[in-house]
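File shown: work-v4.cif (mmCIF, N, CA, C and O atoms and all ligand atoms).
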```
data_work
loop_
_atom_site.group_PDB
_atom_site.id
_atom_site.type_symbol
_atom_site.label_atom_id
_atom_site.label_comp_id
_atom_site.auth_asym_id
_atom_site.auth_seq_id
_atom_site.Cartn_x
_atom_site.Cartn_y
_atom_site.Cartn_z
ATOM 1 N N MET L 1 -20.697 -8.507 5.314
ATOM 2 C CA MET L 1 -19.469 -8.196 4.590
ATOM 3 C C MET L 1 -19.289 -6.683 4.515
ATOM 4 O O MET L 1 -20.201 -5.971 4.122
ATOM 5 N N ARG L 2 -18.073 -6.246 4.909
ATOM 6 C CA ARG L 2 -17.749 -4.832 4.758
ATOM 7 C C ARG L 2 -17.168 -4.604 3.356
ATOM 8 O O ARG L 2 -16.445 -5.464 2.829
ATOM 9 N N VAL L 3 -17.482 -3.465 2.756
ATOM 10 C CA VAL L 3 -16.976 -3.132 1.421
ATOM 11 C C VAL L 3 -16.236 -1.798 1.491
ATOM 12 O O VAL L 3 -16.778 -0.806 1.979
ATOM 13 N N ASP L 4 -14.992 -1.795 1.047
ATOM 14 C CA ASP L 4 -14.210 -0.564 0.964
ATOM 15 C C ASP L 4 -13.784 -0.338 -0.479
ATOM 16 O O ASP L 4 -13.520 -1.295 -1.214
ATOM 17 N N VAL L 5 -13.698 0.929 -0.867
ATOM 18 C CA VAL L 5 -13.162 1.277 -2.180
ATOM 19 C C VAL L 5 -12.104 2.363 -2.026
ATOM 20 O O VAL L 5 -12.208 3.220 -1.146
ATOM 21 N N ASP L 6 -11.101 2.306 -2.861
ATOM 22 C CA ASP L 6 -10.068 3.335 -2.899
ATOM 23 C C ASP L 6 -10.333 4.206 -4.124
ATOM 24 O O ASP L 6 -9.980 3.843 -5.251
ATOM 25 N N VAL L 7 -10.992 5.338 -3.886
ATOM 26 C CA VAL L 7 -11.391 6.180 -5.022
ATOM 27 C C VAL L 7 -10.175 6.761 -5.750
ATOM 28 O O VAL L 7 -10.263 7.131 -6.925
ATOM 29 N N ASP L 8 -9.046 6.837 -5.061
ATOM 30 C CA ASP L 8 -7.839 7.362 -5.707
ATOM 31 C C ASP L 8 -7.307 6.401 -6.769
ATOM 32 O O ASP L 8 -6.631 6.824 -7.710
ATOM 33 N N LEU L 9 -7.608 5.120 -6.626
ATOM 34 C CA LEU L 9 -7.178 4.121 -7.613
ATOM 35 C C LEU L 9 -8.144 4.022 -8.790
ATOM 36 O O LEU L 9 -7.753 3.647 -9.899
ATOM 37 N N CYS L 10 -9.410 4.336 -8.541
ATOM 38 C CA CYS L 10 -10.472 4.110 -9.526
ATOM 39 C C CYS L 10 -10.180 4.830 -10.844
ATOM 40 O O CYS L 10 -9.845 6.013 -10.868
ATOM 41 N N ILE L 11 -10.340 4.094 -11.943
ATOM 42 C CA ILE L 11 -10.169 4.686 -13.275
ATOM 43 C C ILE L 11 -11.512 4.760 -14.018
ATOM 44 O O ILE L 11 -11.548 5.045 -15.207
ATOM 45 N N GLY L 12 -12.603 4.478 -13.290
ATOM 46 C CA GLY L 12 -13.931 4.672 -13.861
ATOM 47 C C GLY L 12 -14.330 3.689 -14.935
ATOM 48 O O GLY L 12 -15.088 4.043 -15.835
ATOM 49 N N SER L 13 -13.857 2.471 -14.823
ATOM 50 C CA SER L 13 -14.206 1.486 -15.848
ATOM 51 C C SER L 13 -15.655 1.038 -15.748
ATOM 52 O O SER L 13 -16.234 0.558 -16.716
ATOM 53 N N GLY L 14 -16.248 1.177 -14.560
ATOM 54 C CA GLY L 14 -17.664 0.878 -14.393
ATOM 55 C C GLY L 14 -18.016 -0.575 -14.189
ATOM 56 O O GLY L 14 -19.198 -0.909 -14.100
ATOM 57 N N GLN L 15 -17.033 -1.433 -14.119
ATOM 58 C CA GLN L 15 -17.323 -2.861 -13.939
ATOM 59 C C GLN L 15 -18.096 -3.122 -12.646
ATOM 60 O O GLN L 15 -18.990 -3.962 -12.605
ATOM 61 N N CYS L 16 -17.753 -2.407 -11.601
ATOM 62 C CA CYS L 16 -18.407 -2.639 -10.306
ATOM 63 C C CYS L 16 -19.887 -2.269 -10.371
ATOM 64 O O CYS L 16 -20.740 -3.029 -9.903
ATOM 65 N N ALA L 17 -20.186 -1.106 -10.953
ATOM 66 C CA ALA L 17 -21.578 -0.659 -11.020
ATOM 67 C C ALA L 17 -22.406 -1.572 -11.919
ATOM 68 O O ALA L 17 -23.590 -1.791 -11.679
ATOM 69 N N LEU L 18 -21.786 -2.119 -12.955
ATOM 70 C CA LEU L 18 -22.491 -3.056 -13.825
ATOM 71 C C LEU L 18 -22.740 -4.379 -13.117
ATOM 72 O O LEU L 18 -23.763 -5.024 -13.336
ATOM 73 N N THR L 19 -21.822 -4.776 -12.256
ATOM 74 C CA THR L 19 -21.907 -6.082 -11.603
ATOM 75 C C THR L 19 -22.829 -6.058 -10.389
ATOM 76 O O THR L 19 -23.627 -6.982 -10.185
ATOM 77 N N VAL L 20 -22.735 -5.022 -9.552
ATOM 78 C CA VAL L 20 -23.560 -4.937 -8.338
ATOM 79 C C VAL L 20 -24.114 -3.517 -8.187
ATOM 80 O O VAL L 20 -23.641 -2.739 -7.359
ATOM 81 N N PRO L 21 -25.130 -3.177 -8.961
ATOM 82 C CA PRO L 21 -25.673 -1.812 -8.892
ATOM 83 C C PRO L 21 -26.288 -1.479 -7.539
ATOM 84 O O PRO L 21 -26.509 -0.309 -7.240
ATOM 85 N N GLU L 22 -26.564 -2.512 -6.721
ATOM 86 C CA GLU L 22 -27.098 -2.247 -5.382
ATOM 87 C C GLU L 22 -26.035 -1.637 -4.465
ATOM 88 O O GLU L 22 -26.358 -0.993 -3.468
ATOM 89 N N ILE L 23 -24.757 -1.855 -4.797
ATOM 90 C CA ILE L 23 -23.670 -1.421 -3.912
ATOM 91 C C ILE L 23 -22.823 -0.316 -4.543
ATOM 92 O O ILE L 23 -22.334 0.566 -3.839
ATOM 93 N N PHE L 24 -22.647 -0.385 -5.865
ATOM 94 C CA PHE L 24 -21.747 0.562 -6.529
ATOM 95 C C PHE L 24 -22.480 1.403 -7.571
ATOM 96 O O PHE L 24 -23.327 0.906 -8.308
ATOM 97 N N ASP L 25 -22.090 2.673 -7.612
ATOM 98 C CA ASP L 25 -22.554 3.560 -8.670
ATOM 99 C C ASP L 25 -21.337 4.372 -9.106
ATOM 100 O O ASP L 25 -20.227 4.165 -8.595
ATOM 101 N N GLN L 26 -21.535 5.281 -10.048
ATOM 102 C CA GLN L 26 -20.446 6.139 -10.511
ATOM 103 C C GLN L 26 -20.901 7.587 -10.504
ATOM 104 O O GLN L 26 -22.070 7.872 -10.799
ATOM 105 N N ASP L 27 -19.988 8.503 -10.175
ATOM 106 C CA ASP L 27 -20.346 9.911 -10.224
ATOM 107 C C ASP L 27 -20.252 10.422 -11.662
ATOM 108 O O ASP L 27 -19.994 9.644 -12.595
ATOM 109 N N ASP L 28 -20.456 11.704 -11.849
ATOM 110 C CA ASP L 28 -20.488 12.259 -13.202
ATOM 111 C C ASP L 28 -19.163 12.107 -13.938
ATOM 112 O O ASP L 28 -19.110 12.162 -15.169
ATOM 113 N N ASP L 29 -18.084 11.929 -13.190
ATOM 114 C CA ASP L 29 -16.761 11.723 -13.797
ATOM 115 C C ASP L 29 -16.443 10.239 -13.970
ATOM 116 O O ASP L 29 -15.336 9.889 -14.418
ATOM 117 N N GLY L 30 -17.366 9.378 -13.565
ATOM 118 C CA GLY L 30 -17.145 7.952 -13.695
ATOM 119 C C GLY L 30 -16.490 7.305 -12.497
ATOM 120 O O GLY L 30 -16.292 6.090 -12.461
ATOM 121 N N VAL L 31 -16.159 8.117 -11.490
ATOM 122 C CA VAL L 31 -15.502 7.562 -10.300
ATOM 123 C C VAL L 31 -16.522 6.816 -9.447
ATOM 124 O O VAL L 31 -17.672 7.244 -9.302
ATOM 125 N N VAL L 32 -16.076 5.711 -8.896
ATOM 126 C CA VAL L 32 -16.970 4.859 -8.124
ATOM 127 C C VAL L 32 -17.591 5.606 -6.942
ATOM 128 O O VAL L 32 -16.941 6.392 -6.258
ATOM 129 N N LEU L 33 -18.878 5.341 -6.738
ATOM 130 C CA LEU L 33 -19.605 5.805 -5.562
ATOM 131 C C LEU L 33 -20.057 4.571 -4.797
ATOM 132 O O LEU L 33 -20.713 3.695 -5.369
ATOM 133 N N LEU L 34 -19.687 4.502 -3.543
ATOM 134 C CA LEU L 34 -20.087 3.368 -2.717
ATOM 135 C C LEU L 34 -21.448 3.681 -2.098
ATOM 136 O O LEU L 34 -21.580 4.611 -1.301
ATOM 137 N N LEU L 35 -22.468 2.912 -2.495
ATOM 138 C CA LEU L 35 -23.830 3.167 -2.023
ATOM 139 C C LEU L 35 -24.072 2.563 -0.653
ATOM 140 O O LEU L 35 -24.961 3.005 0.065
ATOM 141 N N ALA L 36 -23.301 1.533 -0.305
ATOM 142 C CA ALA L 36 -23.458 0.882 0.995
ATOM 143 C C ALA L 36 -22.103 0.324 1.413
ATOM 144 O O ALA L 36 -21.398 -0.263 0.602
ATOM 145 N N THR L 37 -21.752 0.522 2.674
ATOM 146 C CA THR L 37 -20.465 0.016 3.164
ATOM 147 C C THR L 37 -20.578 -1.408 3.678
ATOM 148 O O THR L 37 -19.570 -2.036 3.990
ATOM 149 N N THR L 38 -21.804 -1.900 3.746
ATOM 150 C CA THR L 38 -22.030 -3.276 4.179
ATOM 151 C C THR L 38 -22.900 -3.979 3.144
ATOM 152 O O THR L 38 -23.946 -3.454 2.763
ATOM 153 N N ALA L 39 -22.446 -5.148 2.692
ATOM 154 C CA ALA L 39 -23.205 -5.922 1.700
ATOM 155 C C ALA L 39 -23.952 -7.047 2.398
ATOM 156 O O ALA L 39 -23.366 -7.771 3.217
ATOM 157 N N PRO L 40 -25.246 -7.220 2.101
ATOM 158 C CA PRO L 40 -26.002 -8.324 2.685
ATOM 159 C C PRO L 40 -25.526 -9.656 2.111
ATOM 160 O O PRO L 40 -24.918 -9.699 1.034
ATOM 161 N N PRO L 41 -25.787 -10.749 2.833
ATOM 162 C CA PRO L 41 -25.280 -12.068 2.420
ATOM 163 C C PRO L 41 -25.585 -12.439 0.976
ATOM 164 O O PRO L 41 -24.742 -13.042 0.294
ATOM 165 N N GLU L 42 -26.760 -12.072 0.489
ATOM 166 C CA GLU L 42 -27.135 -12.484 -0.866
ATOM 167 C C GLU L 42 -26.309 -11.781 -1.951
ATOM 168 O O GLU L 42 -26.357 -12.189 -3.109
ATOM 169 N N LEU L 43 -25.546 -10.749 -1.562
ATOM 170 C CA LEU L 43 -24.725 -10.036 -2.545
ATOM 171 C C LEU L 43 -23.233 -10.318 -2.397
ATOM 172 O O LEU L 43 -22.413 -9.761 -3.138
ATOM 173 N N HIS L 44 -22.865 -11.184 -1.452
ATOM 174 C CA HIS L 44 -21.433 -11.410 -1.213
ATOM 175 C C HIS L 44 -20.707 -11.921 -2.450
ATOM 176 O O HIS L 44 -19.614 -11.441 -2.778
ATOM 177 N N ASP L 45 -21.291 -12.885 -3.133
ATOM 178 C CA ASP L 45 -20.626 -13.435 -4.325
ATOM 179 C C ASP L 45 -20.470 -12.360 -5.400
ATOM 180 O O ASP L 45 -19.429 -12.282 -6.065
ATOM 181 N N GLU L 46 -21.496 -11.541 -5.566
ATOM 182 C CA GLU L 46 -21.443 -10.485 -6.579
ATOM 183 C C GLU L 46 -20.375 -9.446 -6.226
ATOM 184 O O GLU L 46 -19.670 -8.944 -7.106
ATOM 185 N N VAL L 47 -20.270 -9.093 -4.941
ATOM 186 C CA VAL L 47 -19.255 -8.112 -4.543
ATOM 187 C C VAL L 47 -17.854 -8.681 -4.771
ATOM 188 O O VAL L 47 -16.966 -7.979 -5.265
ATOM 189 N N ARG L 48 -17.656 -9.951 -4.433
ATOM 190 C CA ARG L 48 -16.348 -10.574 -4.697
ATOM 191 C C ARG L 48 -16.062 -10.578 -6.193
ATOM 192 O O ARG L 48 -14.932 -10.357 -6.629
ATOM 193 N N ASP L 49 -17.087 -10.834 -6.988
ATOM 194 C CA ASP L 49 -16.938 -10.829 -8.437
ATOM 195 C C ASP L 49 -16.559 -9.431 -8.931
ATOM 196 O O ASP L 49 -15.644 -9.275 -9.756
ATOM 197 N N ALA L 50 -17.223 -8.405 -8.393
ATOM 198 C CA ALA L 50 -16.903 -7.028 -8.780
ATOM 199 C C ALA L 50 -15.461 -6.691 -8.412
ATOM 200 O O ALA L 50 -14.742 -6.050 -9.182
ATOM 201 N N ALA L 51 -15.040 -7.121 -7.220
ATOM 202 C CA ALA L 51 -13.669 -6.838 -6.787
ATOM 203 C C ALA L 51 -12.661 -7.489 -7.733
ATOM 204 O O ALA L 51 -11.638 -6.883 -8.082
ATOM 205 N N SER L 52 -12.960 -8.700 -8.177
ATOM 206 C CA SER L 52 -12.024 -9.392 -9.063
ATOM 207 C C SER L 52 -12.027 -8.792 -10.466
ATOM 208 O O SER L 52 -11.029 -8.863 -11.184
ATOM 209 N N ARG L 53 -13.145 -8.167 -10.853
ATOM 210 C CA ARG L 53 -13.234 -7.555 -12.182
ATOM 211 C C ARG L 53 -12.626 -6.165 -12.236
ATOM 212 O O ARG L 53 -12.324 -5.669 -13.327
ATOM 213 N N CYS L 54 -12.481 -5.519 -11.080
ATOM 214 C CA CYS L 54 -11.944 -4.158 -11.070
ATOM 215 C C CYS L 54 -10.499 -4.179 -11.566
ATOM 216 O O CYS L 54 -9.644 -4.841 -10.981
ATOM 217 N N PRO L 55 -10.217 -3.454 -12.643
ATOM 218 C CA PRO L 55 -8.885 -3.538 -13.260
ATOM 219 C C PRO L 55 -7.761 -2.967 -12.401
ATOM 220 O O PRO L 55 -6.597 -3.277 -12.642
ATOM 221 N N VAL L 56 -8.117 -2.158 -11.414
ATOM 222 C CA VAL L 56 -7.075 -1.566 -10.558
ATOM 223 C C VAL L 56 -7.160 -2.061 -9.116
ATOM 224 O O VAL L 56 -6.506 -1.519 -8.228
ATOM 225 N N ARG L 57 -7.991 -3.071 -8.883
ATOM 226 C CA ARG L 57 -8.132 -3.659 -7.544
ATOM 227 C C ARG L 57 -8.466 -2.599 -6.490
ATOM 228 O O ARG L 57 -7.842 -2.561 -5.426
ATOM 229 N N ALA L 58 -9.411 -1.752 -6.826
ATOM 230 C CA ALA L 58 -9.780 -0.669 -5.913
ATOM 231 C C ALA L 58 -10.826 -1.089 -4.881
ATOM 232 O O ALA L 58 -11.121 -0.330 -3.968
ATOM 233 N N ILE L 59 -11.366 -2.305 -5.042
ATOM 234 C CA ILE L 59 -12.453 -2.769 -4.176
ATOM 235 C C ILE L 59 -11.938 -3.840 -3.222
ATOM 236 O O ILE L 59 -11.301 -4.805 -3.655
ATOM 237 N N THR L 60 -12.203 -3.651 -1.939
ATOM 238 C CA THR L 60 -11.769 -4.620 -0.932
ATOM 239 C C THR L 60 -12.971 -5.100 -0.120
ATOM 240 O O THR L 60 -13.504 -4.352 0.697
ATOM 241 N N PRO L 61 -13.422 -6.343 -0.359
ATOM 242 C CA PRO L 61 -14.466 -6.913 0.487
ATOM 243 C C PRO L 61 -13.824 -7.597 1.690
ATOM 244 O O PRO L 61 -12.801 -8.271 1.559
ATOM 245 N N THR L 62 -14.423 -7.412 2.856
ATOM 246 C CA THR L 62 -13.892 -8.028 4.079
ATOM 247 C C THR L 62 -15.012 -8.780 4.787
ATOM 248 O O THR L 62 -16.024 -8.175 5.168
ATOM 249 N N ASP L 63 -14.841 -10.082 4.941
ATOM 250 C CA ASP L 63 -15.829 -10.874 5.681
ATOM 251 C C ASP L 63 -15.681 -10.580 7.157
ATOM 252 O O ASP L 63 -14.588 -10.432 7.677
ATOM 253 N N ARG L 64 -16.817 -10.491 7.834
ATOM 254 C CA ARG L 64 -16.790 -10.286 9.285
ATOM 255 C C ARG L 64 -18.071 -10.809 9.880
ATOM 256 O O ARG L 64 -19.023 -11.061 9.174
HETATM 257 S S1 LIG G 1 -14.494 -1.399 -11.302
HETATM 258 FE FE1 LIG G 1 -12.812 -0.393 -10.170
HETATM 259 S S2 LIG G 1 -11.989 1.126 -11.604
HETATM 260 FE FE2 LIG G 1 -14.007 0.497 -12.389
HETATM 261 S S3 LIG G 1 -15.461 2.035 -11.552
HETATM 262 FE FE3 LIG G 1 -15.390 0.290 -10.138
HETATM 263 S S4 LIG G 1 -13.834 0.831 -8.601
HETATM 264 FE FE4 LIG G 1 -13.521 2.169 -10.364
#
```
Represent the structure contained in this file as structure tokens.
Ligand code: SF4
Amino acid sequence: MRVDVDVDLCIGSGQCALTVPEIFDQDDDGVVLLLATTAPPELHDEVRDAASRCPVRAITPTDR
């Protein structure tokens, strides 16, 4: 699974980093940091969950 984030949309709510800390972190301003652009199979459900929890829909998971 490919993972993309739109940092311009991010409002720093932190839901993604709380949900999948293996993939998402936040910088000192709270803006999302993408730790990996590819999520392993065991994290696909969590990444989809993080995307659905993001209040500004800044996270786009793409199956491939
Ligand atoms: S959940 Fe969305 S708005 Fe919140 S830190 Fe992550 S990308 Fe940014």
Taking into account only N, CA, C and O atoms and all ligand atoms, which residue in the set L:Asp4, L:Glu22, L:Asp63, L:Glu42 is nearest to ligand LIG 1 (chain G)?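 Of the candidates, the smallest distance to ligand LIG 1 (chain G) is held by L:Asp4.
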Let me have all residues with an atom within 7 Å of ligand LIG 1 (chain G), counting only C-alpha atoms and all ligand atoms, laid out as a JSON list (two decimals) with N, CA, C and O atoms, keeping the file's coordinate frame.
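Output file part36.json follows:
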```
[["chain", "number", "residue", "atom", "x", "y", "z"],
["L", 5, "VAL", "N", -13.70, 0.93, -0.87],
["L", 5, "VAL", "CA", -13.16, 1.28, -2.18],
["L", 5, "VAL", "C", -12.10, 2.36, -2.03],
["L", 5, "VAL", "O", -12.21, 3.22, -1.15],
["L", 7, "VAL", "N", -10.99, 5.34, -3.89],
["L", 7, "VAL", "CA", -11.39, 6.18, -5.02],
["L", 7, "VAL", "C", -10.18, 6.76, -5.75],
["L", 7, "VAL", "O", -10.26, 7.13, -6.92],
["L", 9, "LEU", "N", -7.61, 5.12, -6.63],
["L", 9, "LEU", "CA", -7.18, 4.12, -7.61],
["L", 9, "LEU", "C", -8.14, 4.02, -8.79],
["L", 9, "LEU", "O", -7.75, 3.65, -9.90],
["L", 10, "CYS", "N", -9.41, 4.34, -8.54],
["L", 10, "CYS", "CA", -10.47, 4.11, -9.53],
["L", 10, "CYS", "C", -10.18, 4.83, -10.84],
["L", 10, "CYS", "O", -9.85, 6.01, -10.87],
["L", 11, "ILE", "N", -10.34, 4.09, -11.94],
["L", 11, "ILE", "CA", -10.17, 4.69, -13.28],
["L", 11, "ILE", "C", -11.51, 4.76, -14.02],
["L", 11, "ILE", "O", -11.55, 5.04, -15.21],
["L", 12, "GLY", "N", -12.60, 4.48, -13.29],
["L", 12, "GLY", "CA", -13.93, 4.67, -13.86],
["L", 12, "GLY", "C", -14.33, 3.69, -14.94],
["L", 12, "GLY", "O", -15.09, 4.04, -15.84],
["L", 13, "SER", "N", -13.86, 2.47, -14.82],
["L", 13, "SER", "CA", -14.21, 1.49, -15.85],
["L", 13, "SER", "C", -15.66, 1.04, -15.75],
["L", 13, "SER", "O", -16.23, 0.56, -16.72],
["L", 14, "GLY", "N", -16.25, 1.18, -14.56],
["L", 14, "GLY", "CA", -17.66, 0.88, -14.39],
["L", 14, "GLY", "C", -18.02, -0.57, -14.19],
["L", 14, "GLY", "O", -19.20, -0.91, -14.10],
["L", 15, "GLN", "N", -17.03, -1.43, -14.12],
["L", 15, "GLN", "CA", -17.32, -2.86, -13.94],
["L", 15, "GLN", "C", -18.10, -3.12, -12.65],
["L", 15, "GLN", "O", -18.99, -3.96, -12.60],
["L", 16, "CYS", "N", -17.75, -2.41, -11.60],
["L", 16, "CYS", "CA", -18.41, -2.64, -10.31],
["L", 16, "CYS", "C", -19.89, -2.27, -10.37],
["L", 16, "CYS", "O", -20.74, -3.03, -9.90],
["L", 17, "ALA", "N", -20.19, -1.11, -10.95],
["L", 17, "ALA", "CA", -21.58, -0.66, -11.02],
["L", 17, "ALA", "C", -22.41, -1.57, -11.92],
["L", 17, "ALA", "O", -23.59, -1.79, -11.68],
["L", 26, "GLN", "N", -21.54, 5.28, -10.05],
["L", 26, "GLN", "CA", -20.45, 6.14, -10.51],
["L", 26, "GLN", "C", -20.90, 7.59, -10.50],
["L", 26, "GLN", "O", -22.07, 7.87, -10.80],
["L", 30, "GLY", "N", -17.37, 9.38, -13.56],
["L", 30, "GLY", "CA", -17.14, 7.95, -13.70],
["L", 30, "GLY", "C", -16.49, 7.30, -12.50],
["L", 30, "GLY", "O", -16.29, 6.09, -12.46],
["L", 31, "VAL", "N", -16.16, 8.12, -11.49],
["L", 31, "VAL", "CA", -15.50, 7.56, -10.30],
["L", 31, "VAL", "C", -16.52, 6.82, -9.45],
["L", 31, "VAL", "O", -17.67, 7.24, -9.30],
["L", 32, "VAL", "N", -16.08, 5.71, -8.90],
["L", 32, "VAL", "CA", -16.97, 4.86, -8.12],
["L", 32, "VAL", "C", -17.59, 5.61, -6.94],
["L", 32, "VAL", "O", -16.94, 6.39, -6.26],
["L", 50, "ALA", "N", -17.22, -8.40, -8.39],
["L", 50, "ALA", "CA", -16.90, -7.03, -8.78],
["L", 50, "ALA", "C", -15.46, -6.69, -8.41],
["L", 50, "ALA", "O", -14.74, -6.05, -9.18],
["L", 53, "ARG", "N", -13.14, -8.17, -10.85],
["L", 53, "ARG", "CA", -13.23, -7.56, -12.18],
["L", 53, "ARG", "C", -12.63, -6.16, -12.24],
["L", 53, "ARG", "O", -12.32, -5.67, -13.33],
["L", 54, "CYS", "N", -12.48, -5.52, -11.08],
["L", 54, "CYS", "CA", -11.94, -4.16, -11.07],
["L", 54, "CYS", "C", -10.50, -4.18, -11.57],
["L", 54, "CYS", "O", -9.64, -4.84, -10.98],
["L", 55, "PRO", "N", -10.22, -3.45, -12.64],
["L", 55, "PRO", "CA", -8.88, -3.54, -13.26],
["L", 55, "PRO", "C", -7.76, -2.97, -12.40],
["L", 55, "PRO", "O", -6.60, -3.28, -12.64],
["L", 56, "VAL", "N", -8.12, -2.16, -11.41],
["L", 56, "VAL", "CA", -7.08, -1.57, -10.56],
["L", 56, "VAL", "C", -7.16, -2.06, -9.12],
["L", 56, "VAL", "O", -6.51, -1.52, -8.23],
["L", 57, "ARG", "N", -7.99, -3.07, -8.88],
["L", 57, "ARG", "CA", -8.13, -3.66, -7.54],
["L", 57, "ARG", "C", -8.47, -2.60, -6.49],
["L", 57, "ARG", "O", -7.84, -2.56, -5.43],
["L", 58, "ALA", "N", -9.41, -1.75, -6.83],
["L", 58, "ALA", "CA", -9.78, -0.67, -5.91],
["L", 58, "ALA", "C", -10.83, -1.09, -4.88],
["L", 58, "ALA", "O", -11.12, -0.33, -3.97],
["L", 59, "ILE", "N", -11.37, -2.31, -5.04],
["L", 59, "ILE", "CA", -12.45, -2.77, -4.18],
["L", 59, "ILE", "C", -11.94, -3.84, -3.22],
["L", 59, "ILE", "O", -11.30, -4.80, -3.66]]
```
Please report, as a ChimeraX atom specification, each residue of chain L to which DSSP assigns strand (DSSP E or B) when run on this structure's backbone. /L:2-5,24-26,32-34,38,59-62
Apply DSSP to the structure's backbone, then extract all residues of stretch 9-63 of chain L labelled alpha helix (DSSP H) and return them as a ChimeraX atom specification. /L:15-19,44-53
Just-selected residues, N, CA, C and O atoms written as a compact mmCIF listing (two decimals), in the coordinates of the input:
```txt
# COMPACT_ATOMS: atom_id res chain seq x y z
N GLN L 15 -17.03 -1.43 -14.12
CA GLN L 15 -17.32 -2.86 -13.94
C GLN L 15 -18.10 -3.12 -12.65
O GLN L 15 -18.99 -3.96 -12.60
N CYS L 16 -17.75 -2.41 -11.60
CA CYS L 16 -18.41 -2.64 -10.31
C CYS L 16 -19.89 -2.27 -10.37
O CYS L 16 -20.74 -3.03 -9.90
N ALA L 17 -20.19 -1.11 -10.95
CA ALA L 17 -21.58 -0.66 -11.02
C ALA L 17 -22.41 -1.57 -11.92
O ALA L 17 -23.59 -1.79 -11.68
N LEU L 18 -21.79 -2.12 -12.96
CA LEU L 18 -22.49 -3.06 -13.82
C LEU L 18 -22.74 -4.38 -13.12
O LEU L 18 -23.76 -5.02 -13.34
N THR L 19 -21.82 -4.78 -12.26
CA THR L 19 -21.91 -6.08 -11.60
C THR L 19 -22.83 -6.06 -10.39
O THR L 19 -23.63 -6.98 -10.18
N HIS L 44 -22.86 -11.18 -1.45
CA HIS L 44 -21.43 -11.41 -1.21
C HIS L 44 -20.71 -11.92 -2.45
O HIS L 44 -19.61 -11.44 -2.78
N ASP L 45 -21.29 -12.88 -3.13
CA ASP L 45 -20.63 -13.44 -4.32
C ASP L 45 -20.47 -12.36 -5.40
O ASP L 45 -19.43 -12.28 -6.06
N GLU L 46 -21.50 -11.54 -5.57
CA GLU L 46 -21.44 -10.48 -6.58
C GLU L 46 -20.38 -9.45 -6.23
O GLU L 46 -19.67 -8.94 -7.11
N VAL L 47 -20.27 -9.09 -4.94
CA VAL L 47 -19.26 -8.11 -4.54
C VAL L 47 -17.85 -8.68 -4.77
O VAL L 47 -16.97 -7.98 -5.26
N ARG L 48 -17.66 -9.95 -4.43
CA ARG L 48 -16.35 -10.57 -4.70
C ARG L 48 -16.06 -10.58 -6.19
O ARG L 48 -14.93 -10.36 -6.63
N ASP L 49 -17.09 -10.83 -6.99
CA ASP L 49 -16.94 -10.83 -8.44
C ASP L 49 -16.56 -9.43 -8.93
O ASP L 49 -15.64 -9.28 -9.76
N ALA L 50 -17.22 -8.40 -8.39
CA ALA L 50 -16.90 -7.03 -8.78
C ALA L 50 -15.46 -6.69 -8.41
O ALA L 50 -14.74 -6.05 -9.18
N ALA L 51 -15.04 -7.12 -7.22
CA ALA L 51 -13.67 -6.84 -6.79
C ALA L 51 -12.66 -7.49 -7.73
O ALA L 51 -11.64 -6.88 -8.08
N SER L 52 -12.96 -8.70 -8.18
CA SER L 52 -12.02 -9.39 -9.06
C SER L 52 -12.03 -8.79 -10.47
O SER L 52 -11.03 -8.86 -11.18
N ARG L 53 -13.14 -8.17 -10.85
CA ARG L 53 -13.23 -7.56 -12.18
C ARG L 53 -12.63 -6.16 -12.24
O ARG L 53 -12.32 -5.67 -13.33
```
Identify which of the residues L:Leu34, L:Arg64, L:Pro21, L:Asp29 lies closest to L:Glu46, counting only C-alpha atoms when measuring atom-to-atom distances. L:Pro21
If the box runs along x, y and z of the file and leaves 8 Å on each side of stretch 37-47 of chain L, what are its centre and edge lengths in Å, one decimal, as JSON?
```
{"center_x": -22.1, "center_y": -6.5, "center_z": -1.5, "size_x": 26.2, "size_y": 30.0, "size_z": 27.3}
```
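The spacing separating atom N of L:Asp45 from atom N of L:Asp8 amounts to 23.3 Å.
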Is it possible to get the residues within 7 Å of (-14.3, -2.2, 3.2) (coordinates as in the file, counting all atoms listed in the file) written as a ChimeraX atom specification? /L:1-5,37,60-62
Between atom O of L:Asp28 and atom O of L:Pro40, measure the distance and give it in Å to one decimal. 27.8 Å
Measure the distance from atom CA of L:Leu43 to atom O of L:Leu18 in Å and round it to one decimal.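 Taking atom CA of L:Leu43 and atom O of L:Leu18, their separation equals 11.9 Å.
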